[in-house]
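So this one's upload-v3.cif, mmCIF, C-alpha atoms:
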data_run
#
loop_
_atom_site.label_atom_id
_atom_site.label_comp_id
_atom_site.auth_asym_id
_atom_site.auth_seq_id
_atom_site.Cartn_x
_atom_site.Cartn_y
_atom_site.Cartn_z
CA MET A 1434 -26.26 59.69 -48.07
CA PRO A 1435 -29.43 58.56 -46.25
CA ASP A 1436 -30.73 60.42 -43.21
CA SER A 1437 -29.94 58.56 -40.00
CA SER A 1438 -33.08 59.93 -38.38
CA ALA A 1439 -34.99 57.63 -40.71
CA ILE A 1440 -33.82 54.71 -38.55
CA ASP A 1441 -35.37 56.26 -35.44
CA ASN A 1442 -38.52 57.01 -37.38
CA ALA A 1443 -38.77 53.48 -38.75
CA LEU A 1444 -38.59 52.00 -35.26
CA ILE A 1445 -41.25 54.35 -33.96
CA ALA A 1446 -43.44 53.77 -37.00
CA LEU A 1447 -43.18 50.00 -36.67
CA LEU A 1448 -44.10 50.00 -33.00
CA GLY A 1449 -46.70 52.73 -33.38
CA ALA A 1450 -48.49 50.88 -36.15
CA ASP A 1451 -49.03 47.75 -34.13
CA SER A 1452 -52.58 47.61 -32.81
CA THR A 1453 -51.74 45.05 -30.14
CA LEU A 1454 -48.98 47.22 -28.69
CA LEU A 1455 -51.15 50.33 -28.89
CA ALA A 1456 -53.93 48.53 -27.02
CA LEU A 1457 -51.43 47.89 -24.23
CA CYS A 1458 -49.81 51.33 -24.43
CA PRO A 1459 -52.60 53.64 -25.67
CA ASN A 1460 -50.63 56.87 -25.15
CA GLY A 1461 -48.38 55.90 -28.03
CA VAL A 1462 -44.73 55.51 -28.94
CA TYR A 1463 -42.30 58.41 -28.46
CA PHE A 1464 -38.67 59.21 -28.94
CA ALA A 1465 -36.77 60.04 -25.72
CA GLU A 1466 -39.75 61.11 -23.62
CA ALA A 1467 -43.52 60.98 -23.63
CA PRO A 1468 -45.72 64.06 -23.28
CA PRO A 1469 -47.02 65.09 -19.82
CA GLY A 1470 -50.03 63.11 -18.73
CA SER A 1471 -48.97 59.90 -20.46
CA THR A 1472 -49.36 56.89 -18.21
CA ARG A 1473 -49.04 53.92 -20.60
CA HIS A 1474 -46.57 54.47 -23.38
CA VAL A 1475 -43.43 53.29 -25.14
CA VAL A 1476 -40.18 55.24 -25.14
CA VAL A 1477 -37.48 54.74 -27.77
CA SER A 1478 -34.07 56.35 -27.17
CA LEU A 1479 -30.69 56.16 -28.82
CA ALA A 1480 -28.05 54.88 -26.41
CA ASP A 1481 -25.11 54.65 -28.79
CA ALA A 1482 -24.34 54.78 -32.49
CA ASP A 1483 -21.30 53.89 -34.54
CA ASP A 1484 -20.63 54.28 -38.25
CA VAL A 1485 -18.70 51.44 -39.86
CA GLN A 1486 -16.56 52.53 -42.78
CA MET A 1487 -15.69 50.37 -45.76
CA PHE A 1488 -13.79 51.43 -48.86
CA GLY A 1489 -13.64 55.00 -47.58
CA ALA A 1490 -17.37 55.44 -47.11
CA ARG A 1491 -20.05 54.72 -44.54
CA ALA A 1492 -21.19 51.17 -45.10
CA LEU A 1493 -23.10 50.32 -41.95
CA GLU A 1494 -24.76 52.20 -39.15
CA ASP A 1495 -24.69 50.28 -35.91
CA ALA A 1496 -26.97 51.70 -33.24
CA LEU A 1497 -28.09 50.62 -29.80
CA TYR A 1498 -31.58 51.68 -28.73
CA LEU A 1499 -33.30 51.41 -25.40
CA ILE A 1500 -36.90 50.51 -26.14
CA LYS A 1501 -39.15 50.23 -23.12
CA ALA A 1502 -42.78 50.21 -22.14
CA VAL A 1503 -43.52 52.64 -19.32
CA MET A 1504 -46.63 52.49 -17.16
CA LEU A 1505 -47.98 54.14 -14.06
CA SER A 1506 -48.91 51.38 -11.63
CA THR A 1507 -52.42 52.74 -11.18
CA ALA A 1508 -53.12 52.98 -14.90
CA GLY A 1509 -54.27 49.38 -15.12
CA GLY A 1510 -51.77 48.31 -17.74
CA ASP A 1511 -49.99 45.05 -18.42
CA ILE A 1512 -46.32 45.95 -18.54
CA LYS A 1513 -45.26 42.34 -19.01
CA ALA A 1514 -47.40 41.93 -22.09
CA ALA A 1515 -46.24 45.27 -23.49
CA ALA A 1516 -42.56 44.37 -23.15
CA ALA A 1517 -43.22 40.97 -24.67
CA ARG A 1518 -45.02 42.57 -27.61
CA ILE A 1519 -42.12 44.96 -28.20
CA ASP A 1520 -39.79 41.99 -28.24
CA ALA A 1521 -42.02 40.02 -30.59
CA LEU A 1522 -42.02 42.93 -33.03
CA LEU A 1523 -38.26 43.49 -32.93
CA GLU A 1524 -36.26 40.44 -31.93
CA GLN A 1525 -34.42 38.94 -34.91
CA GLN A 1526 -36.59 40.94 -37.27
CA THR A 1527 -35.74 43.02 -40.30
CA LEU A 1528 -36.71 46.66 -40.44
CA THR A 1529 -37.60 48.67 -43.51
CA VAL A 1530 -35.82 52.04 -43.36
CA SER A 1531 -36.31 54.66 -46.03
CA GLY A 1532 -33.10 55.23 -47.96
CA TYR A 1533 -31.30 52.24 -46.46
CA GLY A 1534 -30.63 48.66 -47.43
CA PRO A 1535 -31.26 45.61 -45.26
CA THR A 1536 -31.62 46.36 -41.56
CA THR A 1537 -31.47 43.84 -38.74
CA VAL A 1538 -32.67 44.09 -35.16
CA HIS A 1539 -31.84 41.98 -32.15
CA ARG A 1540 -31.98 42.41 -28.39
CA GLU A 1541 -28.72 42.64 -26.45
CA SER A 1542 -30.13 42.76 -22.94
CA ARG A 1543 -33.41 43.18 -21.15
CA GLU A 1544 -34.22 45.98 -18.76
CA ARG A 1545 -36.66 46.22 -15.90
CA MET A 1546 -37.01 48.90 -13.25
CA THR A 1547 -39.61 50.12 -10.78
CA GLU A 1548 -39.53 53.81 -9.97
CA VAL A 1549 -41.19 55.23 -6.88
CA ASP A 1550 -42.94 58.59 -6.95
CA ASP A 1551 -42.21 60.43 -3.72
CA LEU A 1552 -45.22 62.69 -4.08
CA ASP A 1553 -47.31 59.59 -3.48
CA ALA A 1554 -45.28 56.59 -2.39
CA SER A 1555 -48.10 54.27 -3.42
CA LEU A 1556 -47.42 55.18 -7.03
CA ARG A 1557 -44.95 53.22 -9.06
CA TRP A 1558 -43.67 53.83 -12.55
CA LEU A 1559 -42.87 50.56 -14.24
CA HIS A 1560 -40.22 50.38 -16.94
CA ARG A 1561 -39.70 47.20 -18.96
CA GLY A 1562 -38.04 46.49 -22.28
CA GLY A 1563 -34.54 46.07 -23.57
CA PHE A 1564 -31.53 47.33 -25.45
CA TYR A 1565 -31.91 46.53 -29.14
CA ARG A 1566 -29.08 46.55 -31.64
CA VAL A 1567 -30.10 47.93 -35.03
CA VAL A 1568 -27.65 47.51 -37.90
CA THR A 1569 -28.45 49.19 -41.20
CA SER A 1570 -26.59 49.02 -44.48
CA THR A 1571 -26.27 52.26 -46.40
CA MET B 1135 -26.34 46.17 -18.74
CA SER B 1136 -29.22 45.87 -16.35
CA GLY B 1137 -28.83 47.92 -13.21
CA ASN B 1138 -25.98 49.89 -14.72
CA ARG B 1139 -23.63 47.00 -14.53
CA LEU B 1140 -21.50 45.82 -17.37
CA VAL B 1141 -18.91 43.10 -17.48
CA PHE B 1142 -15.96 43.88 -19.68
CA ASP B 1143 -15.57 40.82 -21.78
CA GLY B 1144 -14.18 39.85 -25.14
CA LEU B 1145 -15.67 38.65 -28.38
CA ALA B 1146 -15.84 34.90 -28.77
CA GLU B 1147 -12.93 34.75 -31.16
CA LEU B 1148 -10.87 37.01 -28.95
CA ARG B 1149 -11.60 34.82 -25.98
CA GLU B 1150 -10.57 31.79 -27.98
CA GLU B 1151 -7.30 33.43 -28.99
CA LEU B 1152 -6.68 34.56 -25.44
CA ARG B 1153 -7.09 30.99 -24.23
CA ASN B 1154 -4.35 29.94 -26.59
CA LEU B 1155 -1.89 32.56 -25.44
CA PRO B 1156 0.89 32.11 -22.93
CA ALA B 1157 0.05 33.11 -19.40
CA ASP B 1158 2.49 36.02 -19.42
CA LEU B 1159 0.24 37.85 -21.84
CA THR B 1160 -2.44 37.94 -19.20
CA ASP B 1161 -0.54 40.78 -17.53
CA GLU B 1162 -0.72 42.89 -20.66
CA ALA B 1163 -4.37 42.06 -21.21
CA THR B 1164 -5.10 42.92 -17.58
CA GLY B 1165 -3.51 46.32 -18.13
CA ILE B 1166 -5.73 46.93 -21.14
CA VAL B 1167 -8.84 45.95 -19.21
CA ASP B 1168 -7.85 48.12 -16.26
CA ASP B 1169 -7.19 51.08 -18.53
CA ALA B 1170 -10.61 50.63 -20.14
CA ALA B 1171 -12.40 50.36 -16.82
CA ARG B 1172 -10.64 53.43 -15.44
CA GLU B 1173 -11.30 55.44 -18.60
CA ALA B 1174 -14.98 54.54 -18.50
CA GLU B 1175 -15.19 55.36 -14.82
CA ALA B 1176 -13.50 58.76 -15.30
CA THR B 1177 -15.66 59.66 -18.28
CA ILE B 1178 -18.90 58.74 -16.56
CA ASP B 1179 -17.85 60.45 -13.34
CA ALA B 1180 -17.11 63.66 -15.24
CA GLY B 1181 -20.48 63.49 -16.99
CA TYR B 1182 -22.60 63.17 -13.86
CA PRO B 1183 -24.16 66.35 -12.48
CA THR B 1184 -22.90 67.61 -9.14
CA ARG B 1185 -25.88 67.63 -6.80
CA SER B 1186 -26.01 65.13 -3.99
CA GLY B 1187 -22.84 63.43 -5.26
CA ARG B 1188 -24.44 59.99 -4.91
CA LEU B 1189 -24.14 59.15 -8.59
CA ARG B 1190 -20.41 59.76 -8.53
CA ALA B 1191 -19.98 58.04 -5.19
CA GLY B 1192 -21.83 55.01 -6.50
CA LEU B 1193 -19.35 54.20 -9.26
CA ARG B 1194 -17.31 51.09 -8.54
CA VAL B 1195 -14.63 49.25 -10.49
CA THR B 1196 -13.98 45.69 -9.41
CA ARG B 1197 -11.21 43.56 -10.85
CA VAL B 1198 -12.20 40.07 -11.84
CA HIS B 1199 -9.68 37.36 -11.10
CA ALA B 1200 -10.80 34.40 -13.14
CA GLY B 1201 -7.57 32.47 -13.48
CA LYS B 1202 -4.14 33.01 -14.96
CA TYR B 1203 -5.46 33.13 -18.54
CA ALA B 1204 -8.21 35.65 -17.97
CA ALA B 1205 -8.51 39.39 -17.44
CA GLY B 1206 -11.60 41.30 -16.47
CA ALA B 1207 -13.16 44.16 -14.60
CA ILE B 1208 -16.69 45.13 -13.63
CA LEU B 1209 -17.81 48.74 -13.67
CA LYS B 1210 -20.97 49.27 -11.72
CA ASN B 1211 -22.95 52.14 -10.26
CA VAL B 1212 -24.58 51.11 -7.01
CA ALA B 1213 -26.49 54.39 -6.53
CA LYS B 1214 -30.22 53.73 -6.28
CA HIS B 1215 -31.09 56.24 -8.97
CA ALA B 1216 -28.29 55.36 -11.41
CA TRP B 1217 -30.57 53.33 -13.67
CA LEU B 1218 -33.11 56.14 -13.81
CA TYR B 1219 -30.47 58.75 -14.57
CA ASP B 1220 -29.20 56.65 -17.45
CA ASN B 1221 -32.43 55.26 -18.82
CA GLY B 1222 -35.00 57.95 -18.10
CA SER B 1223 -37.28 58.91 -15.24
CA GLU B 1224 -41.01 59.45 -14.99
CA ALA B 1225 -41.51 60.46 -11.37
CA ARG B 1226 -40.23 63.76 -10.04
CA HIS B 1227 -37.93 62.61 -7.27
CA TYR B 1228 -36.37 59.50 -5.89
CA VAL B 1229 -37.08 57.63 -2.64
CA THR B 1230 -34.94 54.85 -1.22
CA ASP B 1231 -36.36 51.52 -0.11
CA SER B 1232 -36.23 52.77 3.48
CA GLY B 1233 -38.37 55.77 2.56
CA SER B 1234 -35.69 58.47 2.60
CA LYS B 1235 -36.41 61.25 0.13
CA HIS B 1236 -33.75 62.52 -2.19
CA GLU B 1237 -34.62 65.95 -3.47
CA THR B 1238 -32.48 66.06 -6.54
CA GLY B 1239 -34.07 69.22 -7.85
CA GLU B 1240 -34.06 70.02 -11.51
CA MET B 1241 -32.11 66.90 -12.33
CA TRP B 1242 -35.35 64.98 -12.12
CA GLY B 1243 -38.87 65.40 -13.35
CA ARG B 1244 -39.95 63.51 -16.43
CA ARG B 1245 -36.69 63.44 -18.27
CA PRO B 1246 -35.24 61.70 -21.28
CA PRO B 1247 -32.57 59.04 -20.86
CA THR B 1248 -28.98 60.27 -20.80
CA HIS B 1249 -27.44 56.87 -21.60
CA LEU B 1250 -24.20 58.26 -20.20
CA PHE B 1251 -23.17 54.97 -18.64
CA VAL B 1252 -24.13 52.70 -21.51
CA ARG B 1253 -22.79 54.97 -24.24
CA THR B 1254 -19.48 55.44 -22.46
CA VAL B 1255 -19.00 51.79 -21.72
CA VAL B 1256 -19.87 50.71 -25.25
CA ARG B 1257 -17.34 53.15 -26.73
CA VAL B 1258 -14.60 52.28 -24.27
CA ARG B 1259 -15.23 48.58 -24.80
CA ARG B 1260 -14.94 49.04 -28.56
CA LYS B 1261 -11.60 50.73 -28.03
CA MET B 1262 -10.54 47.95 -25.66
CA PHE B 1263 -11.37 45.33 -28.27
CA GLY B 1264 -9.13 47.20 -30.71
CA ARG B 1265 -6.28 47.09 -28.23
CA PHE B 1266 -6.85 43.36 -27.69
CA LYS B 1267 -6.76 42.87 -31.41
CA ASP B 1268 -3.48 44.80 -31.66
CA LEU B 1269 -2.03 42.77 -28.82
CA LEU B 1270 -2.97 39.46 -30.36
CA THR B 1271 -1.77 40.49 -33.80
CA ARG B 1272 1.52 41.66 -32.36
CA LYS B 1273 1.94 38.24 -30.75
CA GLY B 1274 1.35 36.48 -34.04
CA ALA B 1275 -2.28 35.51 -33.63
CA THR B 1276 -4.96 36.00 -36.27
CA VAL B 1277 -8.13 37.83 -35.32
CA SER B 1278 -10.87 37.59 -37.91
CA GLY B 1279 -13.74 39.28 -36.08
CA ASP B 1280 -14.22 42.94 -35.35
CA ALA B 1281 -15.88 44.91 -32.59
#
Output the file's structure as structure tokens, nothing else.
Amino acid sequence: MPDSSAIDNALIALLGADSTLLALCPNGVYFAEAPPGSTRHVVVSLADADDVQMFGARALEDALYLIKAVMLSTAGGDIKAAAARIDALLEQQTLTVSGYGPTTVHRESRERMTEVDDLDASLRWLHRGGFYRVVTST
Amino acid sequence: MSGNRLVFDGLAELREELRNLPADLTDEATGIVDDAAREAEATIDAGYPTRSGRLRAGLRVTRVHAGKYAAGAILKNVAKHAWLYDNGSEARHYVTDSGSKHETGEMWGRRPPTHLFVRTVVRVRRKMFGRFKDLLTRKGATVSGDA
């Protein structure tokens, strides 16, 4: 049976290998949280996952990921362009996942949030991206 | 799901079947939707940390009355920091639009997303779709899709 973590890794590898996205988010692409000091990065996290059984075995893995660009407002980034690049790379695309068959990706909803830092109210953390449905065949 | 708000709704084929059903079935469908909304609310409420209590206090279930052939409910968290709790935070604390500080202690800091709201709602909705399917099948309808 293939390793489900390969799906997470494939998403991160795809996004992390894109030079356009990395130019917008130079701190890189991370799962769940970025390291301290990161001010322009992409965060991928698993919101939900469901195994679909057929003929007594796992046939599909259906997962929902939140994939968002995150930027500190003073870092000089372009959050709009970063979110658009994420979407261009993922929306209605196929993903190559080690050990799996065909894998599809599509966005279910977009997300956008501005977070205020109370240590310095002039600082804003910008979050923009979306929930992406990834369906892999085993 | 933006802003921690999700409308309980059916798949297209379920909606189509529901439109073809007699109005008296709306009551049963409404019960299923209400059960789902309450289950999601209770699960999310139990999963929130107990600090200021604002996350729990912010949970709202609203029934949707969209005619005699429809059933619906909206589960929403109106707390200002609900989105950040669910989808991840970068700053250490939270400040309201009016400038009031909310020292939420160790709950915050750069933290990974919990996805408590989204995960719960997706799972409860899946279960709700199954109950819709059972209802429709029991009434003689054919449901070809799956949730």
Point to revise | Picked residues, the PyMOL selection byres ((chain A and resi 1527) around 10), expected as a list in words | key: Leu1522, Leu1523, Glu1524, Gln1525, Gln1526, Leu1528, Thr1529, Val1530, Pro1535, Thr1536, Thr1537, Val1538, His1539, Val1567, Val1568 and Thr1569 of chain A
Review point. Hey, can you check how far CA of Val1195 in chain B sits from CA of Ile1208 in chain B?
Key: 5.6 Å
Review point. Could you work out how far CA of Leu1444 in chain A lies from CA of Leu1497 in chain A, giving the answer in Å with one decimal?
Key: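 These atoms are spaced 11.9 Å apart.
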Practice item. Find, counting only C-alpha atoms, the residue in A:Ala1482, A:Ala1467, A:Leu1457, A:Leu1448 that gets nearest to His1249 in chain B. Key: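 Smallest separation from His1249 in chain B among the options: A:Ala1482.
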Point to revise | Neighbours of chain B in chain A at 10 Å, counting all atoms listed in the file, as a ChimeraX atom specification | key: /A:1464-1469,1471-1472,1476-1483,1497-1501,1503-1505,1541-1554,1556-1560,1563-1564
Review point. Applied to this file, what does the PyMOL selection byres ((chain B and resi 1183-1189) around 7) return in terms of residues, put as a ChimeraX atom specification?
Key: /B:1181-1182,1190-1193,1213,1216,1238
Practice item. Check which residues satisfy the PyMOL selection byres ((chain A and resi 1459) around 10) in the file shown, then give them as a list of chain:residue names. Key: A:Gly1449, A:Ser1452, A:Thr1453, A:Leu1454, A:Leu1455, A:Ala1456, A:Leu1457, A:Cys1458, A:Asn1460, A:Gly1461, A:Val1462, A:Ser1471, A:Thr1472, A:Arg1473, A:His1474, A:Val1475, A:Gly1510
Review point. Separation of CA of Met1262 in chain B and CA of Gly1201 in chain B, in Å?
Key: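 Distance reported for this atom pair: 19.9 Å.
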Check your understanding: Smallest atom-to-atom distance to Pro1435 in chain A: which of A:Gly1562, A:Gly1534, A:Gly1470, A:Gly1489, using all atoms listed in the file?
Key -> A:Gly1534
Study note, to complete from the structure: Among A:Ala1443, A:Ala1496, A:Met1487, A:Ala1502, Asp1520 in chain A is approached most closely, using all atoms listed in the file, by A:Ala1502
Could you give me the centre and size, in Å to one decimal, of an axis-aligned box around all listed atoms of range 1168-1172 of chain B with 4 Å added on every side, as AutoDock Vina command-line options?
--center_x -9.8 --center_y 50.8 --center_z -17.8 --size_x 13.2 --size_y 13.3 --size_z 12.7
